[in-house]
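Participant: Sharing a structure with you now.
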Amino acid sequence: MNFVKKFFVFLLYFFVIGAFIAGASIFGLYYHLKDELPSVDTLKDVEFQTPMKVYSSDGKLISQFGEKRRIPLSFEQIPQPLIDTLLATEDARFYAHNGVDIIGIFRAAFTVLTSGTKKQGASTITMQVARGFFLNRDKTYIRKIKEIFIALHIEQTLSKEEILTLYINKVELGYRAFGFGAAAEVYYGKSLDQLDIAQFAMLTGLLKAPTAYNPLRNPERAIFRRNTVLWRLKETGHLDEIQYQDAINKPLTAKYHGAKIELDSPYIAEMVRQEMVDKYGLEDAYTKGYQVYTTVNSDAQRAAEYALRNNLHNYDERHGYRGPVDVLWLPSEIPWSQNEIQKRLAQTSDFGFLQHAVVASIDPQQQTADIILKDNQRAVIYWDGVKWARPYIDDDSQGPAPQTIEEVIAEGQLINVRKMENGQWQLSQLPDAAAALVALNPNDGAVVSLIGGYDFRQSEFNRVTQAKRQVGSNIKPFIYSAALEHGFTLASIINDAPINQWDRRQGTVWRPQNSPPVYDGPTRMRTALAKSKNVISVRLLRAVGIDNIVNHLTKFGFSPYDLPKNESLALGSASFTPMELVSAFSAFENGGFVVEPYIIERVETPEGEIIFKAEPKIACLDCLYNDDSDKLEDIKLAQQAISEQNAFLIAEAMKSTIWGGGNWNKGTGWNGTGWRARVLKRDDIGGKTGTTNEAKDTWFSGYATNIVVTSWVGFDDPSRALGATSPNPNLGKDQVFGKEFGAQTALPAWIDYLKVVLQNEPEQTKHIPSDIVTVRIDSESGKRTNKTDHTALFEYFVSGTEPRNYVEYDPMPEILNAEKAGEVNEVELEQIF
């Protein structure tokens with residue numbers, strides 16, 4: 001009996017001493033490691049690495065940037081079924097322990113003692129949080145001990161709900177998805193609250209091994225792991241037998257979903273990315289979850305994309321078909337199998353409107369071709385979609401028009417096709433030329449639309465901001481604006497006659513020519529601008545002086561280093577980017593102010609706090625005459641380059657580029673170079689064409705109420721010119737020296753864009769500035785007239801510059817005609833003389 005008693009006393013002392021030693025050891029170990037343990041207080045204000053998202057002004061997602069996809073959730077946003085699934089699988093005693101599950105630790109220790117292996121186990125959710133935020137994944141005893149200490153600290157610092165929220169937002173679940181919010185989007189294309197229990201179980205199963213149990217890579221193993229998680233849910237009472245059987249029988253529905261891009265505009269996205277990196281640095285821009293809202297309108301941007309691409313295709317197809325992308329087999333050879341065709345199609349990249357297709361067969365009787373597209377889609381091309389394809393010879397010439405479909409395409413060819421608005425497929429090709437289109441709000445410089453090329457994936461070169469090209473006749477409104485500042489009016493007469501100037505140094509004669517080479521003699525300034533008379537532009541430059549012209553142009557924001565100080569400037573030898581040009585043109589629509597283009601309207605944090613808001617300088621005529629200094633304190637006024645009156649007169653002259661003069665619709669007037677824009681049926685539009693020597697660059701820049709747009713078409717290789725088209729009755733008389741020019745090449749995109757943008761915008765009534773007067777003038781001499789027939793018209797003048805003299809004319813023919821008609825008597829004749 002005494003032996004038994006002594007034995008139990010011994011055991012008691014053993015456990016007490018052992019507990020003391022263990023406690024002392026743990027305390028000593030903690031004291032030894034405490035300097036290496038991180039502060040868990042940082043978890044109270046943890047910032048998850050969240051990608052930057054870029055939106056249009058109306059909230060459409062344009063792009064996102066960042067290595068990690070994450071959608072942080074608050075605890076209230078976490079569905080209860082997900083919590084139940086996580087606890088049943090990862091930590092059933094989560095709400096019972098203090099961060100460390102002693103039972104789990106003893107179980108893990110027993111495994112080590114019996115097997116001799118360091119299998120990871122006994123990790124609570126809190127310990128996984130500790131490891132995820134502060135430690136690496138090395139399976140060492142020291143790391144495990146640190147993990148325990150940190151977990152105990154976390155439980156003392158945070159609530160269970162806060163710990164769960166951190167865990168759910170932190171864990172890596174494959175395919176760059178971090179957190180369950182992002183994983184729901186990546187694998188199911190849904191928000192977390194839209195998933196069912198089988199999908200929650202699938203995502204939870206990824207925690208064990210995101211690669212091994214990934215449903216996209218290993219579907220069978222993923223289903224096995226999902227069903228294991230569902231079994232744990234049944235065992236813990238969260239599913240009954242019927243629910244369990246229903247869930248395990250659900251098919252695998254996971255597939256990869258990229259970011260839900262609602263407005264695919266990569267040129268804009270890249271501009272924003274660069275600006276955000278410059279503003280906040282690369283790491284913060286990519287990880288702070290900034291929500292960037294641009295000035296771009298989604299509907300207008302889609303219109304710009306369509307207008308530019310469609311116009312490029314139209315130009316490209318006018319110049320001939322360059323042949324198939326590849327020949328897979330000849331008609332005399334054995335056709336490829338479906339698998340071979342699909343494998344070849346998978347190797348191709350589709351750009352813009354284009355898709356690759358393989359010609360499966362030709363029907364010469366029906367003049368049709370059966371084609372195979374990606375994903376085994378089949379379609380038919382009819383003769384109407386092929387007959388445009390005259391053989392391309394070079395930029396200036398094409399072969400004869402085809403008569404049959406077999407002359408153009410053949411079985412086994414890999415071709416490009418595009419779907420037309422009528423739903424029919426058309427043979428096509430990747431455009432050889434390049435283009436750009438940009439639209440601004442002239443009142444503050446906000447970018448409304450921007451597309452820097454046919455497709456960013458084909459070429460990342462943003463021609464709106466990076467391509468300095470000669471502007472041709474787009475320079476003329478600025479030359480004419482300078483002329484108005486130096487005594488000229490829209491009624492001033494300049495001689496439209498050839499110029500021959502001997503150059504002593506060169507030993508040559510400089511002969512600037514009109515395009516087309518037609519000379520009208522004495523011509524009013526308004527008419528000269530509308531008809532884009534080159535020699536008149538040169539004469540105006542000479543009259544005003546090159547230094548005065550250069551000084552005037554720099555007021556519009558043009559760099560003096562881009563302005564050649566010679567007479568070629570009058571013909572547009574200066575080179576600007578489309579963005580520089582459209583910004584300068586804004587002054588003619590907004591009353592003379594130079595606005596600075598901007599594309600980021602505001603930047604928000606993930607919580608919706610605005611950390612940046614654009615404060616553009618605005619064009620505000622009322623502000624110039626407003627004495628209310630309190631209101632003006634909040635306004636940044638743009639610099640006024642020219643007077644309101646000067647801007648109004650040039651804008652008026654540019655209307656004639658479109659609407660011409662006289663009764664043109666009855667054949668008694670004349671057309672301006674931009675007459676095609678009459679299809680918009682608006683009186684509040686105006687603009688200017690532009691074509692450089694040999695048609696290397698073509699432009700149209702113009703305005704409507706509250707919008708200014710520049711369209712450019714050319715080749716990236718500046719040595720190439722936009723070629724001529726073979727005679728075609730459908731093209732009319734639009735060719736100059738065999739080349740295309742701005743009205744034919746750049747203007748159509750401008751028109752197509754504004755058709756959409758202006759369709760719901762009412763035409764604005766013309767505002768006439770103070771000090772502007774109207775005077776009836778003679779259309780030939782520009783002098784005053786009392787006539788009211790077709791020879792007379794009203795013109796605008798700055799008060800004091802209107803003509804004083806009346807045109808002299810012989811009244812006898814009119815008097816004789818009136819006498820014959822019995823419309824005058826002797827008294828009236830005496831008054832006339």
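Following the order of the structure tokens, chains are lettered A, B, ..., residues in each are numbered from 1, and ligands are numbered from 1.
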Would you list the contacts of Ala212 of chain A as a list in words, taking every protein, DNA or RNA residue within 9 Å and counting only C-alpha atoms, but skipping same-chain residues closer than 4 positions in sequence?

Facilitator: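 Skipping anything fewer than 4 positions along the chain leaves Leu206, Lys208, Arg217, Asn218, Arg221 and Ala222 of chain A.
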
Participant: Write the selection just made, keeping N, CA and C atoms, as an mmCIF file, in the first residue's frame?

Facilitator:
data_model
loop_
_atom_site.group_PDB
_atom_site.id
_atom_site.type_symbol
_atom_site.label_atom_id
_atom_site.label_comp_id
_atom_site.auth_asym_id
_atom_site.auth_seq_id
_atom_site.Cartn_x
_atom_site.Cartn_y
_atom_site.Cartn_z
ATOM 1 N N LEU A 206 -9.274 24.013 -52.441
ATOM 2 C CA LEU A 206 -8.020 24.527 -52.976
ATOM 3 C C LEU A 206 -7.023 24.889 -51.885
ATOM 4 N N LYS A 208 -5.866 23.188 -49.494
ATOM 5 C CA LYS A 208 -4.906 22.114 -49.224
ATOM 6 C C LYS A 208 -3.744 22.149 -50.208
ATOM 7 N N ARG A 217 -6.939 22.453 -63.868
ATOM 8 C CA ARG A 217 -5.793 21.624 -64.239
ATOM 9 C C ARG A 217 -6.023 20.145 -63.931
ATOM 10 N N ASN A 218 -6.645 19.879 -62.804
ATOM 11 C CA ASN A 218 -6.854 18.495 -62.360
ATOM 12 C C ASN A 218 -8.305 18.303 -61.931
ATOM 13 N N ARG A 221 -9.192 15.195 -59.517
ATOM 14 C CA ARG A 221 -8.724 15.367 -58.149
ATOM 15 C C ARG A 221 -9.489 16.490 -57.453
ATOM 16 N N ALA A 222 -9.853 17.529 -58.225
ATOM 17 C CA ALA A 222 -10.599 18.640 -57.641
ATOM 18 C C ALA A 222 -11.968 18.186 -57.162
#

Participant: For segment 353-356 of chain A, list every protein, DNA or RNA residue within 8 Å, evaluated using only C-alpha atoms, and leave out those in the same chain fewer than 5 positions away; present the list as an NGL selection string.

Facilitator: :A and (309 or 345 or 348 or 373-374 or 414-419 or 428-430)

Participant: Output N, CA and C atoms for every residue in that selection, as a PDB file, in the first residue's frame.

Facilitator:
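Final file, part_28.pdb:
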ATOM      1  N   ARG A 309     -11.624  52.006 -87.122  1.00  0.00           N
ATOM      2  CA  ARG A 309     -11.361  50.707 -87.747  1.00  0.00           C
ATOM      3  C   ARG A 309     -12.097  50.560 -89.068  1.00  0.00           C
ATOM      4  N   LEU A 345      -5.565  27.361 -86.474  1.00  0.00           N
ATOM      5  CA  LEU A 345      -6.298  28.581 -86.127  1.00  0.00           C
ATOM      6  C   LEU A 345      -5.949  29.050 -84.722  1.00  0.00           C
ATOM      7  N   THR A 348      -3.142  31.580 -84.387  1.00  0.00           N
ATOM      8  CA  THR A 348      -3.295  32.915 -84.957  1.00  0.00           C
ATOM      9  C   THR A 348      -3.787  33.895 -83.909  1.00  0.00           C
ATOM     10  N   LEU A 373     -14.090  28.750 -88.839  1.00  0.00           N
ATOM     11  CA  LEU A 373     -13.482  29.672 -87.898  1.00  0.00           C
ATOM     12  C   LEU A 373     -13.060  28.909 -86.645  1.00  0.00           C
ATOM     13  N   LYS A 374     -12.538  29.629 -85.675  1.00  0.00           N
ATOM     14  CA  LYS A 374     -12.144  28.994 -84.427  1.00  0.00           C
ATOM     15  C   LYS A 374     -13.345  28.375 -83.729  1.00  0.00           C
ATOM     16  N   LEU A 414      -5.745  30.167 -95.610  1.00  0.00           N
ATOM     17  CA  LEU A 414      -6.007  30.827 -94.332  1.00  0.00           C
ATOM     18  C   LEU A 414      -6.185  32.307 -94.626  1.00  0.00           C
ATOM     19  N   ILE A 415      -7.351  32.855 -94.304  1.00  0.00           N
ATOM     20  CA  ILE A 415      -7.685  34.225 -94.667  1.00  0.00           C
ATOM     21  C   ILE A 415      -8.181  34.982 -93.439  1.00  0.00           C
ATOM     22  N   ASN A 416      -8.323  36.292 -93.602  1.00  0.00           N
ATOM     23  CA  ASN A 416      -8.990  37.131 -92.602  1.00  0.00           C
ATOM     24  C   ASN A 416     -10.390  37.465 -93.084  1.00  0.00           C
ATOM     25  N   VAL A 417     -11.331  37.465 -92.170  1.00  0.00           N
ATOM     26  CA  VAL A 417     -12.701  37.863 -92.484  1.00  0.00           C
ATOM     27  C   VAL A 417     -13.199  38.803 -91.386  1.00  0.00           C
ATOM     28  N   ARG A 418     -14.204  39.580 -91.694  1.00  0.00           N
ATOM     29  CA  ARG A 418     -14.868  40.417 -90.683  1.00  0.00           C
ATOM     30  C   ARG A 418     -16.370  40.387 -90.933  1.00  0.00           C
ATOM     31  N   LYS A 419     -17.109  40.521 -89.850  1.00  0.00           N
ATOM     32  CA  LYS A 419     -18.569  40.474 -89.939  1.00  0.00           C
ATOM     33  C   LYS A 419     -19.099  41.884 -90.142  1.00  0.00           C
ATOM     34  N   SER A 428     -11.408  40.030 -95.755  1.00  0.00           N
ATOM     35  CA  SER A 428     -10.768  41.251 -95.294  1.00  0.00           C
ATOM     36  C   SER A 428      -9.276  41.006 -95.121  1.00  0.00           C
ATOM     37  N   GLN A 429      -8.587  41.976 -94.536  1.00  0.00           N
ATOM     38  CA  GLN A 429      -7.158  41.853 -94.283  1.00  0.00           C
ATOM     39  C   GLN A 429      -6.773  42.899 -93.244  1.00  0.00           C
ATOM     40  N   LEU A 430      -5.655  42.676 -92.573  1.00  0.00           N
ATOM     41  CA  LEU A 430      -5.177  43.624 -91.579  1.00  0.00           C
ATOM     42  C   LEU A 430      -4.745  44.890 -92.295  1.00  0.00           C
TER      43      LEU A 430
END

Participant: Please list as a PyMOL selection string every residue within 12 Å of Thr689 of chain A, counting only C-alpha atoms and excluding residues in the same chain fewer than 4 positions away.

Facilitator: chain A and resi 471-477+515+529-533+572+654-658+672-677+697-702+710-713+741-748+750

Participant: With only C-alpha atoms as the atoms that count, which of A:Thr489, A:Thr465, A:Ser537, A:Ser559 lies nearest to Pro597 of chain A?

Facilitator: A:Thr465

Participant: Hey, what's within 10 Å of Pro606 of chain A if we count only C-alpha atoms and toss same-chain stuff fewer than 4 positions away? As an MDAnalysis selection string, please?

Facilitator: chainID A and resid 50:53 71:72 288:291 610

Participant: Would you write out those residues with N, CA, C and O atoms, as a PDB file, in the first residue's frame?

Facilitator:
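Listed below is the output, part_14.pdb:
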ATOM      1  N   THR A  50      -4.046  44.914 -53.691  1.00  0.00           N
ATOM      2  CA  THR A  50      -5.223  44.853 -54.561  1.00  0.00           C
ATOM      3  C   THR A  50      -4.911  45.572 -55.863  1.00  0.00           C
ATOM      4  O   THR A  50      -4.290  46.639 -55.855  1.00  0.00           O
ATOM      5  N   PRO A  51      -5.296  45.016 -57.006  1.00  0.00           N
ATOM      6  CA  PRO A  51      -4.939  45.645 -58.287  1.00  0.00           C
ATOM      7  C   PRO A  51      -5.632  46.981 -58.508  1.00  0.00           C
ATOM      8  O   PRO A  51      -6.697  47.254 -57.937  1.00  0.00           O
ATOM      9  N   MET A  52      -5.005  47.799 -59.317  1.00  0.00           N
ATOM     10  CA  MET A  52      -5.597  49.060 -59.734  1.00  0.00           C
ATOM     11  C   MET A  52      -6.631  48.789 -60.823  1.00  0.00           C
ATOM     12  O   MET A  52      -6.380  48.015 -61.746  1.00  0.00           O
ATOM     13  N   LYS A  53      -7.775  49.428 -60.719  1.00  0.00           N
ATOM     14  CA  LYS A  53      -8.822  49.285 -61.732  1.00  0.00           C
ATOM     15  C   LYS A  53      -9.081  50.630 -62.398  1.00  0.00           C
ATOM     16  O   LYS A  53      -9.126  51.658 -61.732  1.00  0.00           O
ATOM     17  N   ILE A  71     -10.391  40.786 -54.240  1.00  0.00           N
ATOM     18  CA  ILE A  71     -11.594  41.575 -53.976  1.00  0.00           C
ATOM     19  C   ILE A  71     -11.821  41.528 -52.473  1.00  0.00           C
ATOM     20  O   ILE A  71     -12.457  40.603 -51.956  1.00  0.00           O
ATOM     21  N   PRO A  72     -11.252  42.464 -51.710  1.00  0.00           N
ATOM     22  CA  PRO A  72     -11.383  42.422 -50.245  1.00  0.00           C
ATOM     23  C   PRO A  72     -12.840  42.506 -49.809  1.00  0.00           C
ATOM     24  O   PRO A  72     -13.635  43.274 -50.357  1.00  0.00           O
ATOM     25  N   LYS A 288      -2.318  49.064 -54.289  1.00  0.00           N
ATOM     26  CA  LYS A 288      -3.137  49.788 -53.321  1.00  0.00           C
ATOM     27  C   LYS A 288      -4.632  49.743 -53.628  1.00  0.00           C
ATOM     28  O   LYS A 288      -5.439  50.292 -52.890  1.00  0.00           O
ATOM     29  N   GLY A 289      -4.988  49.104 -54.736  1.00  0.00           N
ATOM     30  CA  GLY A 289      -6.406  48.979 -55.054  1.00  0.00           C
ATOM     31  C   GLY A 289      -7.053  50.271 -55.513  1.00  0.00           C
ATOM     32  O   GLY A 289      -8.269  50.449 -55.352  1.00  0.00           O
ATOM     33  N   TYR A 290      -6.271  51.162 -56.115  1.00  0.00           N
ATOM     34  CA  TYR A 290      -6.829  52.427 -56.561  1.00  0.00           C
ATOM     35  C   TYR A 290      -7.903  52.207 -57.618  1.00  0.00           C
ATOM     36  O   TYR A 290      -7.765  51.378 -58.515  1.00  0.00           O
ATOM     37  N   GLN A 291      -8.979  52.971 -57.511  1.00  0.00           N
ATOM     38  CA  GLN A 291     -10.050  52.968 -58.503  1.00  0.00           C
ATOM     39  C   GLN A 291      -9.915  54.268 -59.300  1.00  0.00           C
ATOM     40  O   GLN A 291     -10.164  55.355 -58.774  1.00  0.00           O
ATOM     41  N   ILE A 610     -11.786  59.751 -52.029  1.00  0.00           N
ATOM     42  CA  ILE A 610     -11.161  60.422 -53.169  1.00  0.00           C
ATOM     43  C   ILE A 610      -9.813  60.991 -52.741  1.00  0.00           C
ATOM     44  O   ILE A 610      -9.741  61.844 -51.850  1.00  0.00           O
TER      45      ILE A 610
END

Participant: For Phe478 of chain A, please output as a VMD selection string all residues within 12 Å (counting only C-alpha atoms; exclusion window: fewer than 5 positions along the same chain).

Facilitator: chain A and resid 471 to 473 483 to 485 529 537 540 to 541 548 to 558 569 to 572 581 584 to 588 592 641 to 642 646 to 647 649 to 651 653 to 654 688

Participant: Which residue, A:Asp384, A:Glu333, A:Asp455, A:Asp375, has the smallest gap to Asp264 of chain A when you use only C-alpha atoms?

Facilitator: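 Nearest candidate to Asp264 of chain A out of A:Asp384, A:Glu333, A:Asp455, A:Asp375: A:Asp455.
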
Participant: Quick one: DSSP strand (DSSP E or B) residues in segment 172-296 of chain A, as a list in words?

Facilitator: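 Here is the list: Glu172, Ala177, Phe178, Lys288, Gln291, Val292, Tyr293 and Thr294 of chain A.
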
Participant: Need the shell around Glu460 of chain A: protein/DNA/RNA residues with any atom at most 10 Å away, counting only C-alpha atoms. Skip same-chain ones fewer than 4 positions apart. Format as a list in words?

Facilitator: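 Near Glu460 of chain A, the qualifying residues are Pro266, Tyr267, Glu270, Gly452, Gly453, Tyr454, Asp455 and Phe456 of chain A.
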
Participant: Mind dumping the selected residues with C-alpha atoms as a PDB file, in the first residue's frame?

Facilitator:
ATOM      1  CA  PRO A 266      -6.089  49.499 -74.018  1.00  0.00           C
ATOM      2  CA  TYR A 267      -4.629  52.737 -75.412  1.00  0.00           C
ATOM      3  CA  GLU A 270      -1.918  52.335 -70.855  1.00  0.00           C
ATOM      4  CA  GLY A 452      -4.205  55.438 -80.983  1.00  0.00           C
ATOM      5  CA  GLY A 453      -4.241  52.794 -83.705  1.00  0.00           C
ATOM      6  CA  TYR A 454      -6.136  49.904 -85.235  1.00  0.00           C
ATOM      7  CA  ASP A 455      -5.493  47.585 -82.277  1.00  0.00           C
ATOM      8  CA  PHE A 456      -3.206  47.979 -79.259  1.00  0.00           C
TER       9      PHE A 456
END

Participant: Which residues are near Trp336 of chain A? Cut-off 12 Å, only C-alpha atoms, ignore same chain within fewer than 6 positions. Put them as a ChimeraX atom specification.

Facilitator: /A:327-330,342-344,358-361,372,411-414

Participant: Take the selection from the previous step and output its residues with all heavy atoms, as a compact mmCIF listing (two decimals), in the first residue's frame.

Facilitator:
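Ended up saving to selection_37.txt:
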# COMPACT_ATOMS: atom_id res chain seq x y z
N VAL A 327 -1.31 29.41 -96.98
CA VAL A 327 -1.95 28.34 -97.76
C VAL A 327 -1.68 27.02 -97.04
O VAL A 327 -0.53 26.59 -96.94
CB VAL A 327 -1.41 28.29 -99.20
CG1 VAL A 327 -2.05 27.13 -99.96
CG2 VAL A 327 -1.69 29.61 -99.92
N LEU A 328 -2.75 26.41 -96.52
CA LEU A 328 -2.60 25.17 -95.75
C LEU A 328 -2.55 23.95 -96.66
O LEU A 328 -1.80 23.02 -96.42
CB LEU A 328 -3.74 25.04 -94.74
CG LEU A 328 -3.97 26.25 -93.82
CD1 LEU A 328 -4.99 25.92 -92.76
CD2 LEU A 328 -2.67 26.72 -93.18
N TRP A 329 -3.34 23.93 -97.70
CA TRP A 329 -3.28 22.88 -98.71
C TRP A 329 -3.83 23.43 -100.03
O TRP A 329 -4.61 24.39 -100.05
CB TRP A 329 -4.07 21.64 -98.27
CG TRP A 329 -5.57 21.78 -98.31
CD1 TRP A 329 -6.41 21.55 -99.36
CD2 TRP A 329 -6.42 22.20 -97.22
NE1 TRP A 329 -7.72 21.79 -99.01
CE2 TRP A 329 -7.76 22.17 -97.70
CE3 TRP A 329 -6.20 22.57 -95.90
CZ2 TRP A 329 -8.85 22.52 -96.90
CZ3 TRP A 329 -7.28 22.90 -95.10
CH2 TRP A 329 -8.59 22.87 -95.61
N LEU A 330 -3.39 22.87 -101.10
CA LEU A 330 -3.88 23.27 -102.42
C LEU A 330 -5.16 22.52 -102.74
O LEU A 330 -5.41 21.43 -102.20
CB LEU A 330 -2.82 22.96 -103.48
CG LEU A 330 -1.50 23.72 -103.35
CD1 LEU A 330 -0.49 23.23 -104.38
CD2 LEU A 330 -1.74 25.22 -103.50
N GLN A 342 -8.14 23.38 -86.60
CA GLN A 342 -8.33 24.10 -85.34
C GLN A 342 -7.00 24.38 -84.65
O GLN A 342 -6.81 25.43 -84.02
CB GLN A 342 -9.27 23.32 -84.41
CG GLN A 342 -10.71 23.30 -84.88
CD GLN A 342 -11.29 24.70 -85.06
OE1 GLN A 342 -11.16 25.56 -84.17
NE2 GLN A 342 -11.94 24.94 -86.19
N LYS A 343 -6.08 23.45 -84.76
CA LYS A 343 -4.76 23.66 -84.16
C LYS A 343 -4.05 24.83 -84.84
O LYS A 343 -3.41 25.65 -84.17
CB LYS A 343 -3.93 22.38 -84.30
CG LYS A 343 -2.59 22.46 -83.60
CD LYS A 343 -1.85 21.12 -83.70
CE LYS A 343 -0.50 21.19 -82.98
NZ LYS A 343 0.24 19.89 -83.06
N ARG A 344 -4.19 24.94 -86.17
CA ARG A 344 -3.56 26.05 -86.89
C ARG A 344 -4.25 27.37 -86.56
O ARG A 344 -3.58 28.40 -86.37
CB ARG A 344 -3.62 25.80 -88.40
CG ARG A 344 -3.02 26.93 -89.25
CD ARG A 344 -1.52 27.04 -89.01
NE ARG A 344 -0.92 28.12 -89.80
CZ ARG A 344 -0.80 29.37 -89.39
NH1 ARG A 344 -1.25 29.73 -88.18
NH2 ARG A 344 -0.23 30.29 -90.17
N VAL A 358 -10.43 29.45 -92.34
CA VAL A 358 -9.87 28.59 -93.37
C VAL A 358 -10.96 28.31 -94.40
O VAL A 358 -12.10 27.99 -94.04
CB VAL A 358 -9.35 27.26 -92.78
CG1 VAL A 358 -8.92 26.31 -93.89
CG2 VAL A 358 -8.20 27.53 -91.82
N VAL A 359 -10.62 28.47 -95.68
CA VAL A 359 -11.59 28.22 -96.75
C VAL A 359 -11.73 26.70 -96.90
O VAL A 359 -10.78 26.01 -97.28
CB VAL A 359 -11.13 28.84 -98.08
CG1 VAL A 359 -12.16 28.57 -99.17
CG2 VAL A 359 -10.91 30.34 -97.91
N ALA A 360 -12.93 26.19 -96.59
CA ALA A 360 -13.16 24.74 -96.65
C ALA A 360 -13.53 24.30 -98.06
O ALA A 360 -13.11 23.23 -98.52
CB ALA A 360 -14.25 24.34 -95.67
N SER A 361 -14.32 25.12 -98.75
CA SER A 361 -14.73 24.76 -100.11
C SER A 361 -15.25 25.98 -100.84
O SER A 361 -15.63 26.97 -100.22
CB SER A 361 -15.82 23.68 -100.09
OG SER A 361 -16.99 24.16 -99.45
N ILE A 372 -14.23 27.91 -92.19
CA ILE A 372 -14.19 27.37 -90.83
C ILE A 372 -13.44 28.37 -89.95
O ILE A 372 -12.32 28.76 -90.27
CB ILE A 372 -13.47 26.01 -90.80
CG1 ILE A 372 -14.18 25.01 -91.72
CG2 ILE A 372 -13.40 25.47 -89.38
CD1 ILE A 372 -13.42 23.70 -91.88
N GLU A 411 -9.77 26.96 -101.90
CA GLU A 411 -9.83 26.00 -100.82
C GLU A 411 -8.44 25.81 -100.20
O GLU A 411 -7.44 25.73 -100.91
CB GLU A 411 -10.36 24.66 -101.35
CG GLU A 411 -10.47 23.57 -100.30
CD GLU A 411 -10.89 22.24 -100.90
OE1 GLU A 411 -11.52 22.26 -101.98
OE2 GLU A 411 -10.58 21.21 -100.30
N GLY A 412 -8.41 25.74 -98.86
CA GLY A 412 -7.17 25.51 -98.15
C GLY A 412 -6.44 26.77 -97.75
O GLY A 412 -5.40 26.70 -97.08
N GLN A 413 -6.95 27.94 -98.12
CA GLN A 413 -6.29 29.19 -97.75
C GLN A 413 -6.71 29.64 -96.35
O GLN A 413 -7.87 29.52 -95.96
CB GLN A 413 -6.61 30.29 -98.76
CG GLN A 413 -5.98 30.08 -100.12
CD GLN A 413 -6.28 31.23 -101.07
OE1 GLN A 413 -7.10 32.11 -100.80
NE2 GLN A 413 -5.61 31.22 -102.22
N LEU A 414 -5.75 30.17 -95.61
CA LEU A 414 -6.01 30.83 -94.33
C LEU A 414 -6.18 32.31 -94.63
O LEU A 414 -5.28 32.96 -95.16
CB LEU A 414 -4.85 30.60 -93.36
CG LEU A 414 -4.95 31.27 -91.99
CD1 LEU A 414 -6.11 30.68 -91.19
CD2 LEU A 414 -3.65 31.11 -91.22

Participant: Please indicate the distance in Å from atom CA of Ala303 of chain A to atom CA of Ala704 of chain A, rounded to one decimal place.

Facilitator: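 Computing the Euclidean distance for atom CA of Ala303 of chain A and atom CA of Ala704 of chain A yields 15.8 Å.
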
Participant: Out of A:Leu216, A:Met276, A:Ala198, A:Leu308, which residue has the shortest atom-to-atom distance to Leu437 of chain A when counting only C-alpha atoms?

Facilitator: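 Closest to Leu437 of chain A of all the choices is A:Leu308.
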
Participant: I'd like to know which of A:Ala254, A:Ala209, A:Ala439, A:Ile248 is closest to Ala184 of chain A, using only C-alpha atoms.

Facilitator: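 Once distances to Ala184 of chain A are computed over only C-alpha atoms, the minimum belongs to A:Ala254.
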
Participant: Have a look at A:Gly782, A:Gly66, A:Gly545, A:Pro81 and name the one nearest to Arg176 of chain A; count only C-alpha atoms.

Facilitator: A:Gly66

Participant: Pick from A:Ser492, A:Glu607, A:Ala434, A:Asp684: nearest to Ala721 of chain A, with only C-alpha atoms counted?

Facilitator: A:Ala434
